[in-house]
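A short worksheet on the structure shown next.
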Amino acid sequence: MVEKKRLIRVVNRSWKSWRAQHNANILSLIHIASLPDTSRDQGGTTLTLVDQTWLQRSRAVIRWVVVAATVAVLFRVASRHTSELTAIELNFNIFWIANAAVATTAANLLLPLGWRQILISFDQVLSAGPAVRLWCFAQTARYLPTGLLAIASRLQLATKAGVSRTVTASSLVVETATLFAWALLVCVIFAPSVALPMGIRWLLGITCAFGLINSSWLISFACVRMSRLKKLNVSKPHGRFLVKSTALLGASVATRAIGTTCLAVGFLGISSDDVTLIIGAAYAGVAAGMIGITPAGLGVREGVVTTILAHRFGLSDAAAFALISRAWEFGFEMVFLVVATWWGRSTQSNDESDKDSSVSDAKL
């Protein structure tokens, strides 16, 4: 009887041990099946793959919608000036048009590089290629109504790139204020006295020059004050990188002014006496467009440029130049967007390959 009880206990212990081991094996299999597929760096479920594919296609559709909307807005502006453009006989000086293309491309490149220096000043490092690509994608949305989509897209894309929203928002404010100060300074220097009285000219010129020279100190002071008053987590930026950013954005403004002059010579055949008038009118329009409520200053900029140039070139020539310069700017933004997309993706793939090689070397 005692031996039977011992045998039953041994059998029960063996059964419990086997059942526990079997359950552990099943749980481990379930856990492994639910893990992401490391060979593809994606989730192991089909639903995850479908969601990622849908998101990629949605982003592509949104980008093309933005481009189509921009083209539609520009055609609408052109239709308003059709009657004025019928009397225009444009020149096509290939030499000056080529110089305008080079200057415009350089100006488009300097803008995102200047914004990147602002990010670096806040200890947010972003490679040049992805920074240019991100900036160009967000910039295309500025032609849509209110222009808020450009800000939202910059915030969203920068967040995905690892930049905090607070730093991105701060960089947008710094970039816009710096560009506005540079545009206003150029307008003050080159705009005719008819468009800008002498007293206002001196006041704006001194204010802009003081702000640009002391931009690093003013931005640092503003960040410290905002952190105290609004309890925002904004670190004090490094002045050296802010100076670089101000210089790059200023170089972009100067280069674009050269491109605008070359464009006017190439299409309208202006003389050297009209160079200052062209630059002053162009940047008076830029400054007014940045203040205006229309997206990307559409209509506001063209109206200011036409008004300033009309007394010298006539209404039809002035309206033609305003429309040509806007179409030229948009066309090169689209071309530069394609190039920046390729550059950003190639840089990102190179960075990922370098990381993979460093990881493999570390394992060895």
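A note on labels: chains of the structure tokens are A, B, ... as shown, every chain counts residues from 1, and ligands are counted from 1 in their shown order.
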
Please, which residues of region 140-364 of chain A, numbered as in this document, come out alpha helix (DSSP H) from DSSP, as a PyMOL selection string? chain A and resi 148-160+165-190+198-213+215-229+239-268+275-291+300-313+315-363

Shell around Ala310 (chain A) at 12 Å using only C-alpha atoms, local window under 5 positions removed, as a list in words: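 Counting only the stated atoms, we get Glu84, Ala195, Leu277, Ile278, Ala281, Glu302, Gly303, Val304, Val305, Leu315, Ser316, Asp317, Ala318, Ala319, Ala320, Phe321 and Ala322 of chain A.
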
Take the residues just selected and output them with N, CA and C atoms as a CSV table (one decimal), in the first residue's frame.
```
chain,number,residue,atom,x,y,z
A,84,GLU,N,-2.7,93.1,-68.9
A,84,GLU,CA,-1.6,93.9,-68.8
A,84,GLU,C,-0.4,93.3,-69.5
A,195,ALA,N,8.8,105.9,-52.4
A,195,ALA,CA,8.1,104.8,-51.7
A,195,ALA,C,8.4,104.8,-50.2
A,277,LEU,N,16.7,100.4,-58.2
A,277,LEU,CA,15.3,100.5,-58.2
A,277,LEU,C,14.7,99.1,-58.2
A,278,ILE,N,15.2,98.2,-59.0
A,278,ILE,CA,14.7,96.8,-59.1
A,278,ILE,C,14.9,96.1,-57.7
A,281,ALA,N,12.5,97.7,-55.0
A,281,ALA,CA,11.1,97.3,-55.3
A,281,ALA,C,10.9,95.8,-54.9
A,302,GLU,N,3.3,91.3,-55.4
A,302,GLU,CA,3.2,91.7,-56.8
A,302,GLU,C,2.6,93.1,-56.9
A,303,GLY,N,1.7,93.5,-56.0
A,303,GLY,CA,1.1,94.8,-56.0
A,303,GLY,C,2.1,95.9,-55.6
A,304,VAL,N,2.9,95.6,-54.6
A,304,VAL,CA,4.0,96.5,-54.1
A,304,VAL,C,5.0,96.7,-55.2
A,305,VAL,N,5.5,95.6,-55.8
A,305,VAL,CA,6.5,95.7,-56.9
A,305,VAL,C,6.0,96.5,-58.1
A,315,LEU,N,3.0,100.5,-66.3
A,315,LEU,CA,2.2,99.5,-65.6
A,315,LEU,C,2.4,98.1,-66.2
A,316,SER,N,2.4,98.0,-67.5
A,316,SER,CA,2.4,96.7,-68.1
A,316,SER,C,3.8,96.0,-67.8
A,317,ASP,N,4.9,96.8,-68.0
A,317,ASP,CA,6.2,96.2,-67.8
A,317,ASP,C,6.4,95.9,-66.3
A,318,ALA,N,5.9,96.7,-65.4
A,318,ALA,CA,6.1,96.5,-64.0
A,318,ALA,C,5.3,95.3,-63.5
A,319,ALA,N,4.1,95.1,-64.0
A,319,ALA,CA,3.3,93.9,-63.7
A,319,ALA,C,3.9,92.7,-64.3
A,320,ALA,N,4.5,92.8,-65.5
A,320,ALA,CA,5.1,91.6,-66.1
A,320,ALA,C,6.3,91.2,-65.3
A,321,PHE,N,7.1,92.1,-64.8
A,321,PHE,CA,8.3,91.7,-64.0
A,321,PHE,C,7.9,91.1,-62.7
A,322,ALA,N,6.9,91.7,-62.1
A,322,ALA,CA,6.4,91.1,-60.8
A,322,ALA,C,5.9,89.7,-61.0
```

Calculate how many Å separate CA of Trp115 (chain A) from CA of Thr255 (chain A), rounding to one decimal.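 According to the coordinates, CA of Trp115 (chain A) and CA of Thr255 (chain A) are separated by 16.5 Å.
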
Dump as JSON lines the rows for residues of region 229-248 of chain A within 12 Å of region 180-184 of chain A: closest atom pair and distance in Å with one decimal, only C-alpha atoms counted, ordered by chain and rising residue number.
```
{"residue": "A:Thr246", "atom": "CA", "partner": "A:Trp182", "partner_atom": "CA", "distance": 9.0}
{"residue": "A:Ala247", "atom": "CA", "partner": "A:Trp182", "partner_atom": "CA", "distance": 10.1}
{"residue": "A:Leu248", "atom": "CA", "partner": "A:Trp182", "partner_atom": "CA", "distance": 11.0}
```

Create the file for the chosen residues now, containing N, CA and C atoms and written as a CSV table (one decimal), in the first residue's frame.
```csv
chain,number,residue,atom,x,y,z
A,246,THR,N,22.7,84.1,-38.9
A,246,THR,CA,22.4,85.4,-39.4
A,246,THR,C,23.2,85.7,-40.7
A,247,ALA,N,24.4,85.3,-40.7
A,247,ALA,CA,25.3,85.5,-41.9
A,247,ALA,C,24.8,84.7,-43.1
A,248,LEU,N,24.4,83.5,-42.9
A,248,LEU,CA,23.9,82.7,-44.0
A,248,LEU,C,22.6,83.2,-44.5
```

Neighbouring residues of region 204-206 of chain A were defined as those with any atom within 8 Å, considering only C-alpha atoms; residues of the same chain fewer than 4 positions away were excluded. Please report them as a list in words.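 Near region 204-206 of chain A, the qualifying residues are Leu184, Leu185, Val188, Ile189, Ile200 and Phe210 of chain A.
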
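If only C-alpha atoms are the atoms counted, then among A:Val102, A:Leu263, A:Leu109, A:Cys223 the closest residue to Ala340 (chain A) is A:Leu109.
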